[in-house]
4 protein chains.
Amino acid sequence: MKVFVLNGSSREHGNTEQLTNLIVDGIPSTKVHLREQRILPIADRRHTPEGFQPVADDYDAIVQSMLTHDAILFATPIYWYGMSGVMKDFVDRWSQSLRDPRYNFKEEIRDKKMYVVAVGGDAPRLKGLPLIQQFQYIFDFVGAEFAGYVIGEANKPGDILKDEQAVAQARWLNEQLKAMN
Amino acid sequence: MKVFVLNGSSREHGNTEQLTNLIVDGIPSTKVHLREQRILPIADRRHTPEGFQPVADDYDAIVQSMLTHDAILFATPIYWYGMSGVMKDFVDRWSQSLRDPRYNFKEEIRDKKMYVVAVGGDAPRLKGLPLIQQFQYIFDFVGAEFAGYVIGEANKPGDILKDEQAVAQARWLNEQLKAMN
Amino acid sequence: MKVFVLNGSSREHGNTEQLTNLIVDGIPSTKVHLREQRILPIADRRHTPEGFQPVADDYDAIVQSMLTHDAILFATPIYWYGMSGVMKDFVDRWSQSLRDPRYNFKEEIRDKKMYVVAVGGDAPRLKGLPLIQQFQYIFDFVGAEFAGYVIGEANKPGDILKDEQAVAQARWLNEQLKAMN
Amino acid sequence: MKVFVLNGSSREHGNTEQLTNLIVDGIPSTKVHLREQRILPIADRRHTPEGFQPVADDYDAIVQSMLTHDAILFATPIYWYGMSGVMKDFVDRWSQSLRDPRYNFKEEIRDKKMYVVAVGGDAPRLKGLPLIQQFQYIFDFVGAEFAGYVIGEANKPGDILKDEQAVAQARWLNEQLKAMN
């Protein structure tokens with residue numbers, strides 16, 4: 001079980017990252033911080049004659065790395081009740097990857113186990129549920145299994161470690177992932 | 001009633017734009033196409049000593065224009081069951097505006113009437129509902145009224161005009177907005 | 001197109017019924033008012049050796065009538081953000097019908113076109129969305145198509161006719177159903 | 001901290017009950033099994049001149065007991081993606097209690113801490129989320145705090161104890177409740 005962590009936070013060592021670290025502790029994983037990458041918003045060319053064109057940013061390299069893993073962990077702060085904009089930009093680009101002849105995105109993504117970690121400050125276990133439902137639809141669309149999620153509550157940096165429920169769930173998930181190795 | 005249309009589509013003259021045009025037909029409105037603007041993802045500095053710093057992109061000018069209107073219409077294609085990444089980047093930046101001493105974002109945004117137009121290709125009247133719920137939380141957070149939404153179904157360019165239900169709802173909303181003038 | 005209307009309201013000639021009447025106006029339909037029927041809550045016997053036992057109430061007769069129609073319209077007031085208790089009792093009993101050798105519930109229900117009419121007094125177009133999502137899961141489970149829904153806002157008897165948006169949608173749906181005949 | 005457990009299951013010693021027992025283990029609690037009670041569906045008389053009339057069933061006694069506790073735990077199997085019909089019948093009757101001059105339902109219910117335990121067999125951590133959102137709206141309406149929920153996955157009797165994640169969350173919640181005593 002090789003885990004690919006896609007971190008959508010705009011902050012270094014933030015709450016989302018700390019909670020995620022508990023989950024992948026001791027597990028072979030690749031961590032990508034989208035804030036350090038250049039990800040352009042999608043330009044929808046599904047219906048133009050020439051189709052999608054290569055985009056000069058870091059997206060392709062991230063996707064190609066992502067596809068070599070068994071599980072993908074989407075770690076995002078809850079910004080305005082959704083995933084962060086930079087993570088949304090990344091997911092939007094999948095529409096291009098689905099049509100990209102250079103790799104078998106469609107065939108490979110469906111075999112991944114998908115996990116979500118979402119940390120927010122405004123009643124996230126309730127107001128974060130539409131975000132979880134969106135991930136459910138996203139993973140259903142590509143045919144991948146939504147294997148689990150952890151929602152954490154935190155505002156100030158470091159607060160997440162005081163959310164005992166989230167910490168307990170993160171540790172539990174960590175054990176599950178280890179047992180799969 | 002002056003309407004500000006925030007269009008999150010990546011495509012010119014797309015389905016979202018066409019449906020939106022029916023809604024604001026004959027109504028004084030300002031249209032901003034986010035694809036033509038430079039909107040950087042947020043860098044969360046709520047908890048750093050120096051706080052948020054000015055960002056050199058088009059965001060501020062758009063917000064300042066937006067705040068001079070009575071209603072805001074969020075027009076977005078449904079990309080992966082959510083608003084487009086570029087619209088999400090725009091909304092994420094509100095966290096900065098809420099703390100920006102240069103204008104009274106918080107006091108002014110709450111007086112706006114908010115509308116959403118969302119167009120998608122995969123059962124949007126069902127699978128677009130988490131997106132509507134997110135907008136509900138967003139508008140609740142800033143204290144603004146969620147005055148209405150129209151969900152349309154379309155894939156290929158122009159398809160939206162065949163969605164009679166969405167077209168009827170758009171025309172109905174157009175009459176409502178006109179009557180408010 | 002024969003329409004079966006399952007009315008879950010506890011009130012005669014209430015708002016839900018009035019909105020529903022607009023939808024089936026001029027269309028061959030059977031209307032069942034659950035408040036006039038005796039529907040017992042389910043006793044879950046999926047895992048007892050003897051299985052489900054016949055229940056002496058009106059449920060079976062309603063189901064057998066329902067299955068002779070092409071479309072089913074679930075018309076419910078929104079009570080506490082869900083379908084009415086009596087309608088929920090009715091749907092819960094489907095677990096028994098799925099295992100009932102006396103009729104082919106499973107094979108027949110999946111061919112129906114499903115519609116929902118829901119009328120509530122507290123921001124139903126937003127706070128009624130979890131109910132719509134539940135119907136989506138219900139219809140998905142039995143393999144039937146969720147062909148459409150209308151949400152109306154009303155409190156006092158007769159208020160629904162002032163909800164122009166719901167009335168317009170009801171009329172539009174009425175035309176669709178007529179065109180299918 | 002006195003806990004009132006409202007069990008909506010139709011089955012004795014079922015999965016919902018087992019999970020609930022872990023939560024209230026060692027805590028002073030009153031357990032009511034709705035299947036053993038007679039709860040009639042509501043007859044909506046909010047808009048009739050004479051108003052609601054007393055109903056000859058077990059509802060009032062349950063409510064009066066419920067109001068003497070500090071926390072209410074709604075324990076329901078997930079039937080068709082919602083609470084059980086009998087629990088829905090119970091909640092629907094709150095519309096009557098809100099107007100009942102014999103007790104101060106409105107003033108007393110808002111001080112309770114509300115918990116939900118929901119156990120289902122079809123991806124409940126995803127497909128049970130609309131139910132959680134409904135409880136959120138219900139508790140918001142009466143002004144009570146939604147203090148926590150546990151979702152469990154089980155089909156056959158006893159399966160719930162194999163859902164390690166739910167068991168861990170139940171034990172965690174048990175410790176929280178104990179610490180409040």
# chains A, B, ... in the order shown; residues from 1 in each chain; ligands from 1

$ residues_around --residues "Gln18 in chain B" --least-positions-apart "4" --cutoff "9 Å" --atoms "only C-alpha atoms" --output "PyMOL selection string"
chain B and resi 13-14+22+158+160-161

$ write_last_selection --atoms "C-alpha atoms" --output "PDB file, in the first residue's frame"
ATOM      1  CA  HIS B  13     -20.427  31.725 -24.781  1.00  0.00           C
ATOM      2  CA  GLY B  14     -20.932  28.412 -22.972  1.00  0.00           C
ATOM      3  CA  LEU B  22     -31.738  34.792 -20.031  1.00  0.00           C
ATOM      4  CA  GLY B 158     -25.910  25.258 -26.812  1.00  0.00           C
ATOM      5  CA  ILE B 160     -28.860  24.410 -22.350  1.00  0.00           C
ATOM      6  CA  LEU B 161     -31.542  25.956 -24.510  1.00  0.00           C
TER       7      LEU B 161
END

$ interface_residues --of "chain B" --to "chain D" --cutoff "12 Å" --atoms "only C-alpha atoms" --output "ChimeraX atom specification"
/B:129-130,133

$ residues_around --residues "range 172-181 of chain D" --least-positions-apart "6" --cutoff "8 Å" --atoms "only C-alpha atoms" --output "tab-separated table (two decimals) with C-alpha atoms, in the first residue's frame"
chain	number	residue	atom	x	y	z
A	165	GLN	CA	-12.18	12.61	18.04
D	1	MET	CA	-25.62	14.26	32.74
D	22	LEU	CA	-21.62	1.05	24.23
D	23	ILE	CA	-22.25	4.78	24.27
D	24	VAL	CA	-24.30	4.89	27.45
D	25	ASP	CA	-22.42	2.14	29.28
D	26	GLY	CA	-22.07	3.19	32.91
D	27	ILE	CA	-24.07	6.38	32.40

$ select_by_dssp --residues "range 49-158 of chain B" --states "alpha helix (DSSP H)" --output "PDB file with N, CA and C atoms, in the first residue's frame"
ATOM      1  N   TYR B  59      -8.224  40.467  -8.326  1.00  0.00           N
ATOM      2  CA  TYR B  59      -9.266  40.187  -7.339  1.00  0.00           C
ATOM      3  C   TYR B  59      -9.887  41.453  -6.738  1.00  0.00           C
ATOM      4  N   ASP B  60      -9.051  42.333  -6.255  1.00  0.00           N
ATOM      5  CA  ASP B  60      -9.582  43.504  -5.541  1.00  0.00           C
ATOM      6  C   ASP B  60     -10.508  44.346  -6.402  1.00  0.00           C
ATOM      7  N   ALA B  61     -10.103  44.547  -7.636  1.00  0.00           N
ATOM      8  CA  ALA B  61     -10.938  45.371  -8.514  1.00  0.00           C
ATOM      9  C   ALA B  61     -12.312  44.728  -8.715  1.00  0.00           C
ATOM     10  N   ILE B  62     -12.325  43.405  -8.843  1.00  0.00           N
ATOM     11  CA  ILE B  62     -13.606  42.711  -9.039  1.00  0.00           C
ATOM     12  C   ILE B  62     -14.477  42.856  -7.795  1.00  0.00           C
ATOM     13  N   VAL B  63     -13.879  42.640  -6.631  1.00  0.00           N
ATOM     14  CA  VAL B  63     -14.654  42.741  -5.393  1.00  0.00           C
ATOM     15  C   VAL B  63     -15.225  44.150  -5.218  1.00  0.00           C
ATOM     16  N   GLN B  64     -14.403  45.134  -5.503  1.00  0.00           N
ATOM     17  CA  GLN B  64     -14.889  46.498  -5.302  1.00  0.00           C
ATOM     18  C   GLN B  64     -16.038  46.820  -6.248  1.00  0.00           C
ATOM     19  N   SER B  65     -15.963  46.317  -7.449  1.00  0.00           N
ATOM     20  CA  SER B  65     -17.097  46.494  -8.360  1.00  0.00           C
ATOM     21  C   SER B  65     -18.317  45.719  -7.835  1.00  0.00           C
ATOM     22  N   MET B  66     -18.080  44.495  -7.425  1.00  0.00           N
ATOM     23  CA  MET B  66     -19.158  43.628  -6.936  1.00  0.00           C
ATOM     24  C   MET B  66     -19.956  44.303  -5.828  1.00  0.00           C
ATOM     25  N   GLY B  85     -12.958  25.738 -10.367  1.00  0.00           N
ATOM     26  CA  GLY B  85     -11.808  26.070  -9.533  1.00  0.00           C
ATOM     27  C   GLY B  85     -11.544  27.565  -9.471  1.00  0.00           C
ATOM     28  N   VAL B  86     -11.713  28.239 -10.590  1.00  0.00           N
ATOM     29  CA  VAL B  86     -11.402  29.670 -10.589  1.00  0.00           C
ATOM     30  C   VAL B  86     -12.424  30.435  -9.750  1.00  0.00           C
ATOM     31  N   MET B  87     -13.685  29.973  -9.754  1.00  0.00           N
ATOM     32  CA  MET B  87     -14.666  30.625  -8.879  1.00  0.00           C
ATOM     33  C   MET B  87     -14.353  30.317  -7.409  1.00  0.00           C
ATOM     34  N   LYS B  88     -13.912  29.077  -7.163  1.00  0.00           N
ATOM     35  CA  LYS B  88     -13.553  28.718  -5.793  1.00  0.00           C
ATOM     36  C   LYS B  88     -12.364  29.556  -5.323  1.00  0.00           C
ATOM     37  N   ASP B  89     -11.393  29.746  -6.182  1.00  0.00           N
ATOM     38  CA  ASP B  89     -10.265  30.608  -5.823  1.00  0.00           C
ATOM     39  C   ASP B  89     -10.761  32.011  -5.452  1.00  0.00           C
ATOM     40  N   PHE B  90     -11.733  32.484  -6.216  1.00  0.00           N
ATOM     41  CA  PHE B  90     -12.280  33.821  -5.947  1.00  0.00           C
ATOM     42  C   PHE B  90     -12.957  33.860  -4.574  1.00  0.00           C
ATOM     43  N   VAL B  91     -13.809  32.880  -4.305  1.00  0.00           N
ATOM     44  CA  VAL B  91     -14.533  32.862  -3.030  1.00  0.00           C
ATOM     45  C   VAL B  91     -13.559  32.669  -1.861  1.00  0.00           C
ATOM     46  N   ASP B  92     -12.557  31.820  -2.053  1.00  0.00           N
ATOM     47  CA  ASP B  92     -11.578  31.607  -0.974  1.00  0.00           C
ATOM     48  C   ASP B  92     -10.943  32.924  -0.528  1.00  0.00           C
ATOM     49  N   TRP B  94     -12.229  35.672  -0.156  1.00  0.00           N
ATOM     50  CA  TRP B  94     -13.074  36.442   0.758  1.00  0.00           C
ATOM     51  C   TRP B  94     -12.508  36.429   2.181  1.00  0.00           C
ATOM     52  N   SER B  95     -11.812  35.367   2.543  1.00  0.00           N
ATOM     53  CA  SER B  95     -11.216  35.320   3.886  1.00  0.00           C
ATOM     54  C   SER B  95     -10.256  36.479   4.089  1.00  0.00           C
ATOM     55  N   GLN B  96      -9.619  36.866   3.008  1.00  0.00           N
ATOM     56  CA  GLN B  96      -8.734  38.023   3.078  1.00  0.00           C
ATOM     57  C   GLN B  96      -9.560  39.317   3.114  1.00  0.00           C
ATOM     58  N   SER B  97     -10.569  39.390   2.278  1.00  0.00           N
ATOM     59  CA  SER B  97     -11.391  40.611   2.218  1.00  0.00           C
ATOM     60  C   SER B  97     -12.059  40.905   3.554  1.00  0.00           C
ATOM     61  N   PHE B 105     -15.977  45.030   3.464  1.00  0.00           N
ATOM     62  CA  PHE B 105     -16.530  43.828   2.847  1.00  0.00           C
ATOM     63  C   PHE B 105     -17.645  43.229   3.688  1.00  0.00           C
ATOM     64  N   LYS B 106     -17.351  43.046   4.966  1.00  0.00           N
ATOM     65  CA  LYS B 106     -18.274  42.363   5.864  1.00  0.00           C
ATOM     66  C   LYS B 106     -19.620  43.084   5.954  1.00  0.00           C
ATOM     67  N   GLU B 107     -19.575  44.403   6.071  1.00  0.00           N
ATOM     68  CA  GLU B 107     -20.813  45.166   6.228  1.00  0.00           C
ATOM     69  C   GLU B 107     -21.590  45.234   4.917  1.00  0.00           C
ATOM     70  N   GLU B 108     -20.866  45.226   3.813  1.00  0.00           N
ATOM     71  CA  GLU B 108     -21.546  45.437   2.538  1.00  0.00           C
ATOM     72  C   GLU B 108     -22.053  44.149   1.916  1.00  0.00           C
ATOM     73  N   ILE B 109     -21.318  43.068   2.090  1.00  0.00           N
ATOM     74  CA  ILE B 109     -21.697  41.819   1.413  1.00  0.00           C
ATOM     75  C   ILE B 109     -23.019  41.281   1.959  1.00  0.00           C
ATOM     76  N   PRO B 124     -27.556  17.083 -12.870  1.00  0.00           N
ATOM     77  CA  PRO B 124     -27.226  18.217 -11.990  1.00  0.00           C
ATOM     78  C   PRO B 124     -28.303  18.552 -10.965  1.00  0.00           C
ATOM     79  N   ARG B 125     -29.582  18.267 -11.289  1.00  0.00           N
ATOM     80  CA  ARG B 125     -30.631  18.603 -10.310  1.00  0.00           C
ATOM     81  C   ARG B 125     -30.543  17.715  -9.074  1.00  0.00           C
ATOM     82  N   LEU B 126     -29.807  16.629  -9.153  1.00  0.00           N
ATOM     83  CA  LEU B 126     -29.573  15.782  -7.982  1.00  0.00           C
ATOM     84  C   LEU B 126     -28.129  15.929  -7.500  1.00  0.00           C
ATOM     85  N   LYS B 127     -27.185  15.713  -8.396  1.00  0.00           N
ATOM     86  CA  LYS B 127     -25.787  15.694  -7.982  1.00  0.00           C
ATOM     87  C   LYS B 127     -25.206  17.097  -7.814  1.00  0.00           C
ATOM     88  N   LEU B 129     -26.796  19.191  -5.861  1.00  0.00           N
ATOM     89  CA  LEU B 129     -27.356  19.699  -4.606  1.00  0.00           C
ATOM     90  C   LEU B 129     -26.315  19.979  -3.518  1.00  0.00           C
ATOM     91  N   PRO B 130     -25.268  19.150  -3.377  1.00  0.00           N
ATOM     92  CA  PRO B 130     -24.242  19.545  -2.406  1.00  0.00           C
ATOM     93  C   PRO B 130     -23.640  20.921  -2.720  1.00  0.00           C
ATOM     94  N   LEU B 131     -23.498  21.247  -3.988  1.00  0.00           N
ATOM     95  CA  LEU B 131     -22.990  22.580  -4.347  1.00  0.00           C
ATOM     96  C   LEU B 131     -23.952  23.671  -3.874  1.00  0.00           C
ATOM     97  N   ILE B 132     -25.239  23.437  -4.060  1.00  0.00           N
ATOM     98  CA  ILE B 132     -26.221  24.417  -3.586  1.00  0.00           C
ATOM     99  C   ILE B 132     -26.116  24.560  -2.067  1.00  0.00           C
ATOM    100  N   GLN B 133     -25.949  23.440  -1.386  1.00  0.00           N
ATOM    101  CA  GLN B 133     -25.821  23.495   0.074  1.00  0.00           C
ATOM    102  C   GLN B 133     -24.569  24.264   0.500  1.00  0.00           C
ATOM    103  N   GLN B 134     -23.497  24.117  -0.265  1.00  0.00           N
ATOM    104  CA  GLN B 134     -22.288  24.883   0.061  1.00  0.00           C
ATOM    105  C   GLN B 134     -22.536  26.381  -0.098  1.00  0.00           C
ATOM    106  N   PHE B 135     -23.193  26.752  -1.191  1.00  0.00           N
ATOM    107  CA  PHE B 135     -23.510  28.180  -1.357  1.00  0.00           C
ATOM    108  C   PHE B 135     -24.382  28.666  -0.196  1.00  0.00           C
ATOM    109  N   GLN B 136     -25.309  27.806   0.243  1.00  0.00           N
ATOM    110  CA  GLN B 136     -26.153  28.164   1.392  1.00  0.00           C
ATOM    111  C   GLN B 136     -25.284  28.488   2.616  1.00  0.00           C
ATOM    112  N   TYR B 137     -24.303  27.645   2.891  1.00  0.00           N
ATOM    113  CA  TYR B 137     -23.422  27.906   4.035  1.00  0.00           C
ATOM    114  C   TYR B 137     -22.579  29.157   3.809  1.00  0.00           C
ATOM    115  N   ILE B 138     -22.114  29.347   2.584  1.00  0.00           N
ATOM    116  CA  ILE B 138     -21.293  30.525   2.271  1.00  0.00           C
ATOM    117  C   ILE B 138     -22.097  31.803   2.514  1.00  0.00           C
ATOM    118  N   PHE B 139     -23.316  31.818   1.986  1.00  0.00           N
ATOM    119  CA  PHE B 139     -24.127  33.036   2.124  1.00  0.00           C
ATOM    120  C   PHE B 139     -24.550  33.234   3.581  1.00  0.00           C
ATOM    121  N   ASP B 140     -24.874  32.143   4.265  1.00  0.00           N
ATOM    122  CA  ASP B 140     -25.183  32.240   5.699  1.00  0.00           C
ATOM    123  C   ASP B 140     -24.013  32.846   6.457  1.00  0.00           C
ATOM    124  N   PHE B 141     -22.813  32.416   6.132  1.00  0.00           N
ATOM    125  CA  PHE B 141     -21.637  32.883   6.866  1.00  0.00           C
ATOM    126  C   PHE B 141     -21.487  34.390   6.778  1.00  0.00           C
ATOM    127  N   VAL B 142     -21.713  34.940   5.578  1.00  0.00           N
ATOM    128  CA  VAL B 142     -21.564  36.391   5.435  1.00  0.00           C
ATOM    129  C   VAL B 142     -22.866  37.113   5.751  1.00  0.00           C
TER     130      VAL B 142
END

$ select_by_dssp --residues "range 6-179 of chain D" --states "strand (DSSP E or B)" --output "PyMOL selection string"
chain D and resi 6-7+29-33+71-77+79+82+113-120+145-153

$ write_last_selection --atoms "N, CA, C and O atoms" --output "tab-separated table (two decimals), in the first residue's frame"
chain	number	residue	atom	x	y	z
D	6	LEU	N	-33.65	7.38	22.82
D	6	LEU	CA	-34.86	7.13	22.05
D	6	LEU	C	-34.49	6.16	20.96
D	6	LEU	O	-33.82	6.52	19.99
D	7	ASN	N	-34.90	4.92	21.11
D	7	ASN	CA	-34.51	3.88	20.16
D	7	ASN	C	-35.62	3.64	19.15
D	7	ASN	O	-36.73	3.25	19.51
D	29	SER	N	-29.11	6.50	32.40
D	29	SER	CA	-29.88	6.75	31.19
D	29	SER	C	-31.24	6.09	31.24
D	29	SER	O	-31.44	5.09	31.93
D	30	THR	N	-32.16	6.68	30.54
D	30	THR	CA	-33.50	6.12	30.37
D	30	THR	C	-33.62	5.69	28.93
D	30	THR	O	-33.33	6.47	28.03
D	31	LYS	N	-34.01	4.44	28.72
D	31	LYS	CA	-34.13	3.95	27.35
D	31	LYS	C	-35.58	3.69	27.00
D	31	LYS	O	-36.28	2.97	27.71
D	32	VAL	N	-36.00	4.28	25.91
D	32	VAL	CA	-37.35	4.02	25.42
D	32	VAL	C	-37.24	3.39	24.04
D	32	VAL	O	-36.58	3.93	23.15
D	33	HIS	N	-37.86	2.25	23.90
D	33	HIS	CA	-37.90	1.57	22.60
D	33	HIS	C	-39.24	1.91	21.95
D	33	HIS	O	-40.29	1.46	22.42
D	71	ALA	N	-29.44	15.14	28.04
D	71	ALA	CA	-29.03	14.81	26.67
D	71	ALA	C	-30.04	13.84	26.09
D	71	ALA	O	-30.61	13.02	26.80
D	72	ILE	N	-30.24	13.96	24.78
D	72	ILE	CA	-31.13	13.02	24.08
D	72	ILE	C	-30.33	12.34	22.99
D	72	ILE	O	-29.67	13.01	22.19
D	73	LEU	N	-30.39	11.03	22.99
D	73	LEU	CA	-29.67	10.26	21.99
D	73	LEU	C	-30.69	9.60	21.07
D	73	LEU	O	-31.44	8.71	21.50
D	74	PHE	N	-30.73	10.06	19.85
D	74	PHE	CA	-31.63	9.48	18.86
D	74	PHE	C	-30.92	8.29	18.23
D	74	PHE	O	-29.97	8.46	17.47
D	75	ALA	N	-31.38	7.10	18.55
D	75	ALA	CA	-30.74	5.88	18.06
D	75	ALA	C	-31.66	5.23	17.04
D	75	ALA	O	-32.72	4.72	17.40
D	76	THR	N	-31.26	5.27	15.79
D	76	THR	CA	-32.15	4.74	14.77
D	76	THR	C	-31.40	3.89	13.76
D	76	THR	O	-30.28	4.23	13.36
D	77	PRO	N	-31.99	2.78	13.38
D	77	PRO	CA	-31.46	2.11	12.20
D	77	PRO	C	-31.72	3.02	11.00
D	77	PRO	O	-32.67	3.81	11.02
D	79	TYR	N	-33.27	3.21	7.85
D	79	TYR	CA	-34.22	2.53	6.97
D	79	TYR	C	-34.41	3.41	5.75
D	79	TYR	O	-34.85	4.56	5.86
D	82	GLY	N	-33.21	7.04	5.83
D	82	GLY	CA	-33.75	7.98	6.79
D	82	GLY	C	-33.91	7.33	8.15
D	82	GLY	O	-33.59	6.15	8.36
D	113	LYS	N	-28.60	18.56	25.00
D	113	LYS	CA	-27.53	18.22	24.06
D	113	LYS	C	-28.05	17.05	23.23
D	113	LYS	O	-28.52	16.06	23.79
D	114	MET	N	-27.95	17.15	21.93
D	114	MET	CA	-28.51	16.14	21.05
D	114	MET	C	-27.42	15.27	20.43
D	114	MET	O	-26.40	15.78	19.96
D	115	TYR	N	-27.66	13.97	20.42
D	115	TYR	CA	-26.74	13.01	19.80
D	115	TYR	C	-27.52	12.10	18.87
D	115	TYR	O	-28.71	11.82	19.12
D	116	VAL	N	-26.86	11.63	17.84
D	116	VAL	CA	-27.51	10.70	16.91
D	116	VAL	C	-26.63	9.48	16.74
D	116	VAL	O	-25.40	9.59	16.60
D	117	VAL	N	-27.25	8.33	16.79
D	117	VAL	CA	-26.60	7.07	16.43
D	117	VAL	C	-27.42	6.47	15.30
D	117	VAL	O	-28.62	6.27	15.46
D	118	ALA	N	-26.79	6.21	14.19
D	118	ALA	CA	-27.51	5.68	13.03
D	118	ALA	C	-26.73	4.51	12.46
D	118	ALA	O	-25.53	4.62	12.21
D	119	VAL	N	-27.41	3.40	12.26
D	119	VAL	CA	-26.75	2.19	11.77
D	119	VAL	C	-27.45	1.71	10.50
D	119	VAL	O	-28.67	1.50	10.50
D	120	GLY	N	-26.67	1.53	9.45
D	120	GLY	CA	-27.25	1.08	8.19
D	120	GLY	C	-26.36	0.10	7.47
D	120	GLY	O	-25.21	-0.10	7.86
D	145	GLU	N	-28.33	22.06	20.71
D	145	GLU	CA	-27.00	21.77	20.18
D	145	GLU	C	-26.90	20.35	19.65
D	145	GLU	O	-27.28	19.40	20.32
D	146	PHE	N	-26.39	20.21	18.42
D	146	PHE	CA	-26.12	18.89	17.85
D	146	PHE	C	-24.70	18.53	18.30
D	146	PHE	O	-23.71	18.91	17.69
D	147	ALA	N	-24.63	17.78	19.39
D	147	ALA	CA	-23.33	17.61	20.06
D	147	ALA	C	-22.48	16.49	19.48
D	147	ALA	O	-21.29	16.41	19.78
D	148	GLY	N	-23.06	15.61	18.65
D	148	GLY	CA	-22.24	14.55	18.07
D	148	GLY	C	-23.06	13.45	17.46
D	148	GLY	O	-24.25	13.30	17.76
D	149	TYR	N	-22.43	12.70	16.59
D	149	TYR	CA	-23.12	11.55	15.99
D	149	TYR	C	-22.14	10.43	15.72
D	149	TYR	O	-20.94	10.67	15.54
D	150	VAL	N	-22.67	9.22	15.70
D	150	VAL	CA	-21.89	8.04	15.33
D	150	VAL	C	-22.67	7.29	14.26
D	150	VAL	O	-23.86	7.01	14.44
D	151	ILE	N	-22.02	7.00	13.16
D	151	ILE	CA	-22.64	6.21	12.10
D	151	ILE	C	-22.00	4.83	12.09
D	151	ILE	O	-20.77	4.72	12.08
D	152	GLY	N	-22.81	3.78	12.11
D	152	GLY	CA	-22.30	2.42	12.08
D	152	GLY	C	-22.77	1.67	10.86
D	152	GLY	O	-23.82	1.98	10.30
D	153	GLU	N	-21.98	0.67	10.48
D	153	GLU	CA	-22.36	-0.15	9.32
D	153	GLU	C	-22.61	-1.58	9.76
D	153	GLU	O	-21.74	-2.20	10.38

$ atom_distance --atom1 "CA of Asp44 in chain A" --atom2 "CA of Trp80 in chain B"
12.5 Å

$ atom_distance --atom1 "CA of Arg35 in chain A" --atom2 "CA of Asp58 in chain A"
11.2 Å

$ atom_distance --atom1 "CA of Ile78 in chain A" --atom2 "CA of Glu36 in chain A"
18.6 Å
